[in-house]
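The file my_file-v9.txt comes next; it holds compact mmCIF, C-alpha atoms.
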```txt
# COMPACT_ATOMS: atom_id res chain seq x y z
CA MET A 1098 -9.94 -11.67 -6.62
CA THR A 1099 -6.73 -9.67 -7.06
CA GLU A 1100 -4.34 -11.24 -9.54
CA THR A 1101 -1.10 -11.64 -7.61
CA LEU A 1102 -0.18 -15.30 -7.98
CA ALA A 1103 2.48 -16.36 -10.46
CA ASP A 1104 0.12 -18.51 -12.51
CA THR A 1105 -2.11 -15.52 -13.30
CA ALA A 1106 0.90 -13.72 -14.82
CA ALA A 1107 1.57 -16.32 -17.51
CA GLY A 1108 1.84 -14.79 -20.95
CA LEU A 1109 2.18 -11.22 -19.72
CA PRO A 1110 5.15 -9.08 -20.83
CA GLU A 1111 8.02 -9.03 -18.37
CA HIS A 1112 8.99 -5.82 -16.64
CA PRO A 1113 11.52 -4.22 -16.69
CA MET A 1114 11.92 -4.53 -20.45
CA PRO A 1115 15.19 -4.47 -22.41
CA ARG A 1116 16.30 -1.39 -24.33
CA ALA A 1117 17.10 -1.74 -28.00
CA ALA A 1118 20.74 -2.45 -28.81
CA GLY A 1119 22.60 0.71 -29.69
CA CYS A 1120 19.85 2.97 -28.27
CA PRO A 1121 20.87 3.54 -24.65
CA PHE A 1122 19.02 6.85 -24.29
CA ASP A 1123 15.64 5.55 -25.42
CA PRO A 1124 13.02 3.60 -23.43
CA PRO A 1125 12.48 -0.04 -24.40
CA PRO A 1126 10.56 -0.47 -27.69
CA ALA A 1127 8.01 -2.64 -25.89
CA LEU A 1128 7.05 0.35 -23.76
CA HIS A 1129 6.35 2.38 -26.89
CA ALA A 1130 4.08 -0.41 -28.12
CA LEU A 1131 2.19 -0.60 -24.83
CA GLN A 1132 1.74 3.16 -24.69
CA THR A 1133 0.16 3.07 -28.16
CA ASP A 1134 -1.89 -0.10 -27.91
CA SER A 1135 -2.48 -0.81 -24.22
CA PRO A 1136 -1.48 2.15 -22.02
CA VAL A 1137 -2.91 0.57 -18.84
CA SER A 1138 -1.93 -3.08 -18.82
CA ARG A 1139 -0.67 -5.93 -16.67
CA VAL A 1140 2.98 -6.98 -16.64
CA ARG A 1141 4.92 -9.73 -14.90
CA ILE A 1142 7.73 -8.81 -12.51
CA TRP A 1143 10.58 -10.72 -10.88
CA ASP A 1144 8.47 -12.42 -8.18
CA GLY A 1145 5.77 -13.67 -10.58
CA THR A 1146 3.18 -11.08 -9.60
CA SER A 1147 1.29 -8.98 -12.15
CA PRO A 1148 0.96 -5.30 -11.28
CA TRP A 1149 -0.46 -2.69 -13.62
CA LEU A 1150 1.91 -0.66 -15.81
CA ILE A 1151 0.88 2.94 -16.54
CA THR A 1152 2.58 4.43 -19.61
CA ARG A 1153 0.69 7.59 -20.63
CA HIS A 1154 1.78 10.98 -19.32
CA ASP A 1155 -1.71 12.15 -18.32
CA HIS A 1156 -2.51 8.88 -16.55
CA VAL A 1157 0.79 8.97 -14.63
CA ARG A 1158 0.19 12.50 -13.37
CA ALA A 1159 -3.44 11.81 -12.49
CA LEU A 1160 -2.73 8.65 -10.51
CA LEU A 1161 0.42 9.88 -8.75
CA GLY A 1162 -1.71 12.73 -7.45
CA ASP A 1163 -4.58 10.44 -6.41
CA PRO A 1164 -4.91 9.79 -2.63
CA ARG A 1165 -6.26 6.32 -3.45
CA ILE A 1166 -2.73 5.36 -4.51
CA SER A 1167 -0.35 4.38 -1.67
CA ALA A 1168 3.45 4.53 -1.53
CA ASP A 1169 3.59 2.14 1.46
CA PRO A 1170 5.67 -0.93 0.48
CA THR A 1171 4.46 -2.93 3.47
CA ARG A 1172 0.94 -3.18 2.01
CA PRO A 1173 0.02 -6.47 0.29
CA GLY A 1174 0.21 -6.16 -3.48
CA TYR A 1175 2.99 -3.56 -3.54
CA PRO A 1176 5.25 -4.30 -6.57
CA HIS A 1177 8.78 -4.38 -5.15
CA ARG A 1178 11.64 -3.81 -7.60
CA SER A 1179 13.72 -6.81 -6.51
CA ALA A 1180 14.33 -9.21 -3.65
CA GLY A 1181 16.92 -6.79 -2.29
CA THR A 1182 14.70 -3.72 -2.33
CA LYS A 1183 11.81 -5.74 -0.88
CA ALA A 1184 13.92 -6.79 2.08
CA ASN A 1185 15.00 -3.21 2.66
CA ASP A 1186 11.47 -1.81 2.21
CA LEU A 1187 10.16 -4.17 4.86
CA ALA A 1188 13.07 -3.57 7.24
CA ARG A 1189 13.00 0.24 7.27
CA GLN A 1190 10.75 3.06 6.16
CA THR A 1191 11.39 6.74 5.49
CA PHE A 1192 8.93 9.45 4.53
CA LEU A 1193 9.53 8.42 0.92
CA THR A 1194 7.62 5.19 1.53
CA MET A 1195 4.92 6.50 3.85
CA ASP A 1196 1.47 7.93 3.24
CA ASP A 1197 0.08 11.10 4.76
CA PRO A 1198 -0.19 12.23 7.47
CA GLU A 1199 3.04 10.58 8.69
CA HIS A 1200 4.72 11.21 5.34
CA ALA A 1201 3.99 14.94 5.55
CA ARG A 1202 5.02 15.17 9.21
CA LEU A 1203 8.46 13.64 8.65
CA ARG A 1204 9.06 15.30 5.29
CA ARG A 1205 8.43 18.75 6.77
CA MET A 1206 11.34 18.20 9.14
CA VAL A 1207 13.86 18.19 6.28
CA THR A 1208 12.30 20.52 3.69
CA ALA A 1209 13.88 23.82 4.78
CA PRO A 1210 17.38 23.28 3.27
CA PHE A 1211 15.80 22.24 -0.06
CA ALA A 1212 13.59 25.32 -0.41
CA ILE A 1213 14.29 27.21 -3.63
CA LYS A 1214 15.70 30.32 -1.93
CA LYS A 1215 18.00 28.25 0.29
CA VAL A 1216 19.22 26.22 -2.65
CA GLU A 1217 19.81 29.31 -4.78
CA ALA A 1218 22.04 30.61 -2.01
CA LEU A 1219 24.20 27.51 -2.52
CA ARG A 1220 24.80 28.31 -6.20
CA PRO A 1221 28.18 30.06 -5.60
CA SER A 1222 29.39 27.07 -3.56
CA VAL A 1223 28.27 24.67 -6.29
CA GLN A 1224 30.01 26.83 -8.88
CA LYS A 1225 33.27 26.71 -6.92
CA ILE A 1226 33.06 22.93 -6.58
CA VAL A 1227 32.47 22.58 -10.33
CA ASP A 1228 35.29 24.99 -11.23
CA ASP A 1229 37.76 23.35 -8.86
CA LEU A 1230 37.05 19.89 -10.29
CA ILE A 1231 37.41 21.17 -13.85
CA ASP A 1232 40.71 22.85 -12.88
CA ALA A 1233 41.94 19.51 -11.52
CA MET A 1234 40.93 17.68 -14.71
CA LEU A 1235 42.63 20.24 -16.94
CA ALA A 1236 45.81 20.06 -14.87
CA GLY A 1237 45.92 16.26 -14.86
CA PRO A 1238 46.50 13.52 -17.42
CA LYS A 1239 44.01 12.66 -20.11
CA PRO A 1240 41.92 10.83 -21.03
CA VAL A 1241 39.99 10.86 -17.78
CA ASP A 1242 36.89 9.06 -16.53
CA LEU A 1243 34.34 11.86 -16.21
CA VAL A 1244 32.28 9.78 -13.76
CA GLU A 1245 35.03 9.45 -11.15
CA ALA A 1246 36.74 12.78 -11.80
CA PHE A 1247 33.67 15.00 -12.02
CA ALA A 1248 30.15 13.58 -12.19
CA LEU A 1249 30.30 11.70 -8.89
CA PRO A 1250 32.30 14.25 -6.84
CA VAL A 1251 30.09 17.26 -7.72
CA PRO A 1252 26.84 16.10 -6.04
CA SER A 1253 28.72 14.15 -3.36
CA LEU A 1254 30.56 17.29 -2.22
CA VAL A 1255 27.35 19.34 -2.32
CA ILE A 1256 25.20 16.89 -0.34
CA CYS A 1257 28.00 16.32 2.17
CA GLU A 1258 28.18 20.07 2.81
CA LEU A 1259 24.41 20.36 3.17
CA LEU A 1260 24.04 17.36 5.49
CA GLY A 1261 27.27 17.82 7.43
CA VAL A 1262 28.84 14.53 6.32
CA PRO A 1263 32.66 14.42 6.03
CA TYR A 1264 33.51 14.08 2.32
CA GLU A 1265 36.55 12.00 3.17
CA ASP A 1266 34.08 9.19 3.93
CA HIS A 1267 32.72 9.30 0.36
CA ASP A 1268 34.08 5.88 -0.53
CA LEU A 1269 32.00 4.28 2.23
CA PHE A 1270 28.70 5.84 1.23
CA GLN A 1271 29.26 5.63 -2.52
CA ARG A 1272 30.25 1.95 -2.35
CA ASN A 1273 27.28 0.93 -0.22
CA THR A 1274 24.84 3.03 -2.23
CA ARG A 1275 25.96 1.23 -5.39
CA VAL A 1276 25.07 -2.09 -3.77
CA ALA A 1277 21.68 -0.80 -2.60
CA VAL A 1278 20.59 0.49 -6.03
CA ARG A 1279 21.74 -2.54 -8.02
CA ARG A 1280 18.74 -4.67 -9.00
CA THR A 1281 20.82 -7.84 -8.93
CA SER A 1282 21.95 -7.37 -5.31
CA THR A 1283 20.65 -10.05 -2.96
CA ALA A 1284 18.47 -9.26 0.03
CA GLU A 1285 21.43 -9.94 2.32
CA GLU A 1286 23.70 -7.61 0.36
CA VAL A 1287 21.19 -4.75 0.36
CA LEU A 1288 20.38 -5.12 4.04
CA ALA A 1289 24.08 -5.19 4.95
CA ALA A 1290 24.82 -2.10 2.83
CA MET A 1291 21.90 -0.16 4.28
CA GLN A 1292 22.79 -1.18 7.82
CA THR A 1293 26.35 0.05 7.28
CA LEU A 1294 25.03 3.40 6.08
CA THR A 1295 22.48 3.66 8.90
CA ASP A 1296 25.10 2.86 11.55
CA TYR A 1297 27.43 5.44 10.03
CA LEU A 1298 24.77 8.18 10.10
CA ASP A 1299 23.63 7.13 13.58
CA ASP A 1300 27.16 7.59 14.92
CA LEU A 1301 27.43 10.93 13.15
CA LEU A 1302 24.14 12.12 14.67
CA THR A 1303 25.52 11.31 18.14
CA VAL A 1304 28.54 13.49 17.39
CA LYS A 1305 26.32 16.27 16.03
CA ARG A 1306 24.16 16.23 19.14
CA ALA A 1307 27.21 16.89 21.29
CA ARG A 1308 28.93 19.29 18.87
CA PRO A 1309 26.35 20.68 16.42
CA GLY A 1310 27.29 22.54 13.29
CA ASP A 1311 25.44 24.54 10.65
CA ASP A 1312 24.03 21.57 8.75
CA LEU A 1313 20.90 19.45 8.41
CA LEU A 1314 22.10 16.51 10.51
CA SER A 1315 22.83 18.90 13.38
CA VAL A 1316 19.28 20.27 13.13
CA LEU A 1317 17.84 16.75 13.20
CA ALA A 1318 20.00 15.80 16.18
CA THR A 1319 19.50 18.90 18.32
CA GLU A 1320 15.91 19.77 17.44
CA ARG A 1321 13.96 16.85 16.06
CA VAL A 1322 15.53 13.96 17.97
CA ALA A 1323 16.21 15.89 21.17
CA LYS A 1324 12.58 17.05 21.30
CA GLY A 1325 11.20 13.56 20.62
CA GLU A 1326 9.71 14.46 17.24
CA MET A 1327 11.57 11.57 15.65
CA THR A 1328 13.81 8.79 16.91
CA GLN A 1329 17.52 8.81 16.22
CA ARG A 1330 17.05 5.73 14.04
CA GLN A 1331 14.45 7.61 11.97
CA ALA A 1332 16.87 10.52 11.68
CA ALA A 1333 19.67 8.20 10.59
CA GLU A 1334 17.47 6.47 7.99
CA THR A 1335 16.33 9.87 6.70
CA GLY A 1336 19.99 10.88 6.45
CA VAL A 1337 20.76 7.73 4.46
CA LEU A 1338 17.93 8.51 2.05
CA LEU A 1339 19.10 12.09 1.49
CA LEU A 1340 22.77 11.14 1.24
CA ALA A 1341 22.20 8.33 -1.25
CA ALA A 1342 19.60 10.10 -3.38
CA GLY A 1343 21.57 13.34 -3.20
CA HIS A 1344 24.59 12.01 -5.03
CA GLU A 1345 23.56 8.90 -7.00
CA THR A 1346 20.85 10.41 -9.18
CA THR A 1347 22.58 13.68 -10.03
CA ALA A 1348 25.89 11.95 -10.74
CA ASN A 1349 24.21 9.76 -13.33
CA MET A 1350 22.45 12.76 -14.88
CA ILE A 1351 25.75 14.63 -15.24
CA ALA A 1352 27.50 11.75 -16.98
CA LEU A 1353 24.59 10.50 -19.09
CA GLY A 1354 23.55 14.05 -19.97
CA THR A 1355 27.09 14.81 -21.15
CA LEU A 1356 27.10 11.70 -23.28
CA ALA A 1357 23.72 12.56 -24.80
CA LEU A 1358 24.97 16.03 -25.67
CA LEU A 1359 28.16 14.65 -27.21
CA ARG A 1360 25.95 12.43 -29.39
CA ASN A 1361 23.83 15.48 -30.34
CA PRO A 1362 26.49 18.08 -31.21
CA ASP A 1363 23.96 20.63 -32.47
CA GLN A 1364 22.35 20.69 -29.02
CA LEU A 1365 25.74 20.78 -27.30
CA ALA A 1366 26.72 23.79 -29.42
CA LEU A 1367 23.57 25.67 -28.38
CA LEU A 1368 24.48 25.14 -24.73
CA ARG A 1369 28.24 25.70 -25.08
CA ASP A 1370 28.03 28.90 -27.11
CA THR A 1371 25.64 30.90 -24.93
CA GLU A 1372 25.95 32.83 -21.69
CA ASP A 1373 22.18 32.90 -21.16
CA PRO A 1374 21.38 30.96 -17.95
CA LYS A 1375 17.87 30.31 -19.27
CA VAL A 1376 19.35 28.08 -21.97
CA ALA A 1377 21.07 25.91 -19.36
CA ALA A 1378 17.89 25.81 -17.28
CA GLY A 1379 15.91 24.65 -20.30
CA ALA A 1380 18.56 22.09 -21.16
CA VAL A 1381 18.30 20.61 -17.68
CA GLU A 1382 14.54 20.12 -17.99
CA GLU A 1383 14.83 18.60 -21.47
CA LEU A 1384 17.62 16.21 -20.46
CA LEU A 1385 15.62 15.14 -17.40
CA ARG A 1386 12.68 14.41 -19.72
CA TYR A 1387 14.75 12.76 -22.41
CA LEU A 1388 16.96 10.53 -20.24
CA ASN A 1389 14.83 9.46 -17.27
CA ILE A 1390 17.50 7.86 -15.14
CA THR A 1391 14.86 6.49 -12.73
CA HIS A 1392 14.02 3.84 -15.29
CA SER A 1393 12.42 1.07 -13.24
CA GLY A 1394 9.21 2.96 -12.60
CA ARG A 1395 7.67 4.47 -9.49
CA ARG A 1396 5.94 1.80 -7.42
CA ARG A 1397 2.59 2.10 -5.68
CA VAL A 1398 -0.42 0.03 -4.58
CA ALA A 1399 -4.11 0.89 -4.96
CA LEU A 1400 -6.18 1.51 -1.82
CA ALA A 1401 -9.52 1.47 -3.69
CA ASP A 1402 -10.90 0.56 -7.08
CA ILE A 1403 -9.81 3.12 -9.69
CA GLU A 1404 -10.95 3.33 -13.29
CA VAL A 1405 -8.36 4.62 -15.74
CA GLY A 1406 -7.82 4.16 -19.46
CA GLY A 1407 -10.76 1.79 -19.80
CA GLU A 1408 -9.42 -0.57 -17.11
CA VAL A 1409 -10.27 -0.97 -13.43
CA ILE A 1410 -7.37 -1.15 -11.01
CA ARG A 1411 -8.70 -3.00 -7.98
CA ALA A 1412 -7.90 -2.24 -4.36
CA GLY A 1413 -4.74 -4.17 -3.48
CA ASP A 1414 -3.37 -4.18 -7.03
CA GLY A 1415 0.22 -3.09 -7.51
CA VAL A 1416 0.88 -0.20 -9.89
CA ILE A 1417 4.09 0.77 -11.72
CA PHE A 1418 4.36 4.23 -13.26
CA ALA A 1419 6.69 4.06 -16.27
CA ASN A 1420 7.94 7.65 -16.16
CA GLU A 1421 10.59 6.98 -18.82
CA ILE A 1422 7.94 6.34 -21.49
CA ALA A 1423 5.46 8.85 -20.02
CA ASN A 1424 8.09 11.51 -20.74
CA ARG A 1425 8.20 10.32 -24.37
CA ASP A 1426 4.41 10.50 -24.78
CA PRO A 1427 3.61 12.29 -28.08
CA GLU A 1428 0.38 13.55 -26.55
CA ALA A 1429 2.45 15.53 -24.04
CA PHE A 1430 5.60 16.38 -26.02
CA SER A 1431 5.86 16.85 -29.78
CA ASP A 1432 8.49 14.72 -31.52
CA PRO A 1433 9.31 13.22 -28.09
CA ASP A 1434 12.22 11.01 -29.17
CA ARG A 1435 14.23 14.02 -30.30
CA LEU A 1436 16.52 15.85 -27.86
CA ASP A 1437 15.64 19.54 -28.14
CA ILE A 1438 16.97 21.77 -25.37
CA THR A 1439 14.87 24.70 -26.64
CA ARG A 1440 11.54 22.98 -25.98
CA ASP A 1441 9.46 23.65 -22.86
CA ALA A 1442 9.87 20.33 -21.05
CA ARG A 1443 8.84 21.46 -17.58
CA ARG A 1444 5.79 19.15 -17.41
CA HIS A 1445 8.03 16.07 -17.35
CA VAL A 1446 7.58 13.54 -14.55
CA ALA A 1447 11.27 12.76 -13.99
CA PHE A 1448 10.86 13.97 -10.39
CA GLY A 1449 7.51 12.25 -9.96
CA TYR A 1450 4.30 14.10 -9.21
CA GLY A 1451 1.98 14.75 -6.29
CA VAL A 1452 2.84 14.73 -2.59
CA HIS A 1453 5.83 12.43 -3.15
CA GLN A 1454 7.41 14.62 -5.81
CA CYS A 1455 11.19 14.64 -5.28
CA LEU A 1456 12.19 16.74 -2.27
CA GLY A 1457 15.65 17.46 -3.66
CA GLN A 1458 14.64 18.66 -7.13
CA PRO A 1459 15.59 22.33 -6.52
CA LEU A 1460 19.09 21.22 -5.51
CA ALA A 1461 19.41 18.85 -8.46
CA ARG A 1462 18.35 21.61 -10.84
CA VAL A 1463 20.94 24.06 -9.51
CA GLU A 1464 23.72 21.45 -9.66
CA LEU A 1465 22.85 20.45 -13.21
CA GLN A 1466 22.43 24.05 -14.38
CA VAL A 1467 25.87 24.97 -13.06
CA VAL A 1468 27.45 21.86 -14.58
CA TYR A 1469 25.81 22.19 -18.00
CA ASN A 1470 26.54 25.94 -18.06
CA THR A 1471 30.22 25.49 -17.14
CA LEU A 1472 31.72 22.19 -18.25
CA TYR A 1473 31.30 22.54 -22.02
CA SER A 1474 32.25 26.22 -22.18
CA ARG A 1475 35.39 25.65 -20.13
CA ILE A 1476 36.33 22.51 -22.08
CA PRO A 1477 34.87 23.30 -25.52
CA THR A 1478 36.71 20.43 -27.21
CA LEU A 1479 35.42 17.79 -24.78
CA ALA A 1480 35.07 14.49 -26.64
CA LEU A 1481 34.63 10.77 -26.04
CA ALA A 1482 37.94 8.95 -25.62
CA THR A 1483 36.54 5.55 -26.56
CA ASP A 1484 34.12 4.06 -29.06
CA PHE A 1485 30.50 4.67 -28.15
CA ASP A 1486 29.67 0.96 -28.44
CA GLN A 1487 32.35 0.15 -25.82
CA LEU A 1488 30.53 2.03 -23.06
CA GLU A 1489 28.76 0.00 -20.36
CA PHE A 1490 25.36 1.19 -19.19
CA LYS A 1491 23.63 0.49 -15.88
CA HIS A 1492 20.91 -1.78 -17.18
CA ASP A 1493 21.02 -3.63 -13.84
CA GLY A 1494 20.50 -0.52 -11.74
CA ILE A 1495 17.44 1.08 -10.21
CA VAL A 1496 19.11 4.33 -11.30
CA TYR A 1497 20.25 4.31 -14.94
CA GLY A 1498 23.51 5.73 -16.21
CA VAL A 1499 26.93 4.86 -17.54
CA TYR A 1500 29.57 3.10 -15.43
CA GLU A 1501 32.51 4.99 -16.92
CA LEU A 1502 32.76 7.86 -19.37
CA PRO A 1503 36.32 8.24 -20.74
CA VAL A 1504 36.76 11.75 -22.18
CA THR A 1505 39.55 13.84 -23.61
CA TRP A 1506 39.98 17.34 -25.12
```
If you took the structure in this file and wrote it as C-alpha cells, what would it be?
Amino acid sequence: MTETLADTAAGLPEHPMPRAAGCPFDPPPALHALQTDSPVSRVRIWDGTSPWLITRHDHVRALLGDPRISADPTRPGYPHRSAGTKANDLARQTFLTMDDPEHARLRRMVTAPFAIKKVEALRPSVQKIVDDLIDAMLAGPKPVDLVEAFALPVPSLVICELLGVPYEDHDLFQRNTRVAVRRTSTAEEVLAAMQTLTDYLDDLLTVKRARPGDDLLSVLATERVAKGEMTQRQAAETGVLLLAAGHETTANMIALGTLALLRNPDQLALLRDTEDPKVAAGAVEELLRYLNITHSGRRRVALADIEVGGEVIRAGDGVIFANEIANRDPEAFSDPDRLDITRDARRHVAFGYGVHQCLGQPLARVELQVVYNTLYSRIPTLALATDFDQLEFKHDGIVYGVYELPVTW
C-alpha cells in the first residue's frame, strides 16, 4: 500500500530543509547528507505525506526523462509544494502540468518565439534594455536597489515585448506573481492572484483578436483560439505561465548571480575583464548550476513501479527531484561547492530535463549573457552597499533569491 498518510511519515526528515546560516548560496546540509548516505529516500512534506526525494544527478536526469513519471498534479499522490500551489494546480492546468500527448500539443503552440534563432534575433533589443537601465542607474542617486532598478525590469521588459503585454502594467503582474510563488501564501491568496492575472490576460487576448500585433498573444488569439485549437481560457492561462516564469526566475538569477560574483571577486574579475562572449556564456551555465533558484524541487508522481538507487518507487508515489543538490553532485561536477565560471557546467539540471525541460531557457540564457557581459564592465566598481548579513533571502519562495540588493559604485 502506498505510504501517503501522515502517520507513515513520522520520523522522516522534513522537506524543504533549512539552509545553513551564513551560507545562502549553498543547498541545505541535510541534502548533502542524503545524497551521500541515502540518495533515494522518503521525506515528509507540509501535508504529512511522504514522497520520495531524489538527490543524485544521474538519478534526476534518468527519472525526469522516464515516461513512467507524470507531471500531472491532479493525480493522487502528487507532492504539492503548499496549500496555495495545490489549490492552483487543481483549479487550472497548463502544458507545464500535463503529460503527453496533450502537453506536446499545447507546448508546440508557443515554442516558435523561444527557438534559438528567434531568441538570438532579440539580443540587440535585450542589449538596449540593459544599457538603458544601466544609464538610468548611473545618472541617478546611489546606493540603489539592484532588484528594483535593474534585475526585475530587464526580464519584465523583454517578456512584455515578446508576449505583447503593456509594460506599464508591470506592477499588477509582478505583485500577483509574488503572491503566487510564495510558499506561505494561502490557497485563497494564490487563487485570487492567479485569477487576477488570468482575467487580465483574457481581456488582453480579446483586444489582440480585434487588433493583432506582432507578438505571441496576438498569434494565440488570431490563430490558435480563432481556429478552435485551444480555448481563450487556455490561452490566457498559458500567457500567465509565460509572463510569470519569464520575469520571476530571470530576475532572481540576475540579482543572486550578481551577489554571488561580488562574494567571489576572482570570478567577477574574470567576467568583468574580458570581451570574450564565451566567458559570459560559461558564467551563465555555472551560475545556473551553482545557485539553483528553483530550490523546492521539481514535483512528479510515478505511474508504474520504478527501481532506482536500490529502492522501488511504487505507482502512485510522489517524487521530488532536488535539482539544487543534484547540481552539486561530486559524481557529476568536480569540487561542486566552488563557483568556477571556467568549468563546463552545461549538464546542469537547473532547467529540468526531458520533455518538460524549460521552454524559455534560450531566452533566459540570452538575457543573462547580456547582463553578465555588460553590467560589471560598465560599472566596474559595483559593490554591496550594506552588510552581507543584513540581506534577506527568499527562503519562503518557490523561486529563491534576494528581496533587495543595495549596491553602489
Excluding same-chain residues fewer than 5 positions from Val1251 (chain A), what lies within 8 Å of it counting all atoms listed in the file, as a short mmCIF file (atom, residue, chain, number, x, y, z; two decimals) with C-alpha atoms, keeping the file's coordinate frame?
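Output contents, as saved in result-v7.cif:
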```
data_model
loop_
_atom_site.label_atom_id
_atom_site.label_comp_id
_atom_site.auth_asym_id
_atom_site.auth_seq_id
_atom_site.Cartn_x
_atom_site.Cartn_y
_atom_site.Cartn_z
CA VAL A 1223 28.27 24.67 -6.29
CA ILE A 1226 33.06 22.93 -6.58
CA VAL A 1227 32.47 22.58 -10.33
CA LEU A 1230 37.05 19.89 -10.29
CA ALA A 1348 25.89 11.95 -10.74
CA GLU A 1464 23.72 21.45 -9.66
#
```
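Within 8 Å of the point (21.0, 16.1, 15.8), counting only C-alpha atoms, the protein and nucleic acid residues come to Leu1302, Thr1303, Lys1305, Arg1306, Pro1309, Leu1314, Ser1315, Val1316, Leu1317, Ala1318, Thr1319, Glu1320, Arg1321, Val1322 and Ala1323 of chain A.
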**Report entry** Selection near region 1265-1273 of chain A, 9 Å with all atoms listed in the file, sequence-local residues under 4 positions removed, as a ChimeraX atom specification
**Finding:** /A:1249-1250,1253-1254,1257,1277-1278,1287,1289-1291,1293-1294,1297,1337,1340-1341,1344-1345
Query raised in the report: In terms of the shortest atom-to-atom distance over only C-alpha atoms, which of A:Asp1186, A:Glu1111, A:Asp1312, A:Glu1326 is closest to Arg1205 (chain A)?
Result: A:Glu1326
Query raised in the report: For Leu1367 (chain A), which of A:Gly1379, A:Gly1343, A:Gly1494, A:Gly1237 is the closest residue, counting all atoms listed in the file?
Result: A:Gly1379
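CA of Glu1489 (chain A) is positioned 19.5 Å from CA of Glu1421 (chain A).
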Query raised in the report: Using all atoms listed in the file, which of A:Asn1389, A:Ser1147, A:Ser1138, A:Asn1361 sits nearest Leu1436 (chain A)?
Result: A:Asn1361
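Closest approach to Leu1109 (chain A) among A:Val1140, A:Leu1365, A:Ile1438, A:Ile1351 is made by A:Val1140 (distances from only C-alpha atoms).
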Requested in this report: Between A:Leu1359, A:Val1416, A:Val1496, A:Val1504, single out the one closest to His1156 (chain A), counting all atoms listed in the file.
Outcome: A:Val1416
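Counting only C-alpha atoms and comparing A:Ala1332, A:Ala1442, A:Ser1167, A:Ala1357, the residue that lies closest to Glu1382 (chain A) is A:Ala1442.
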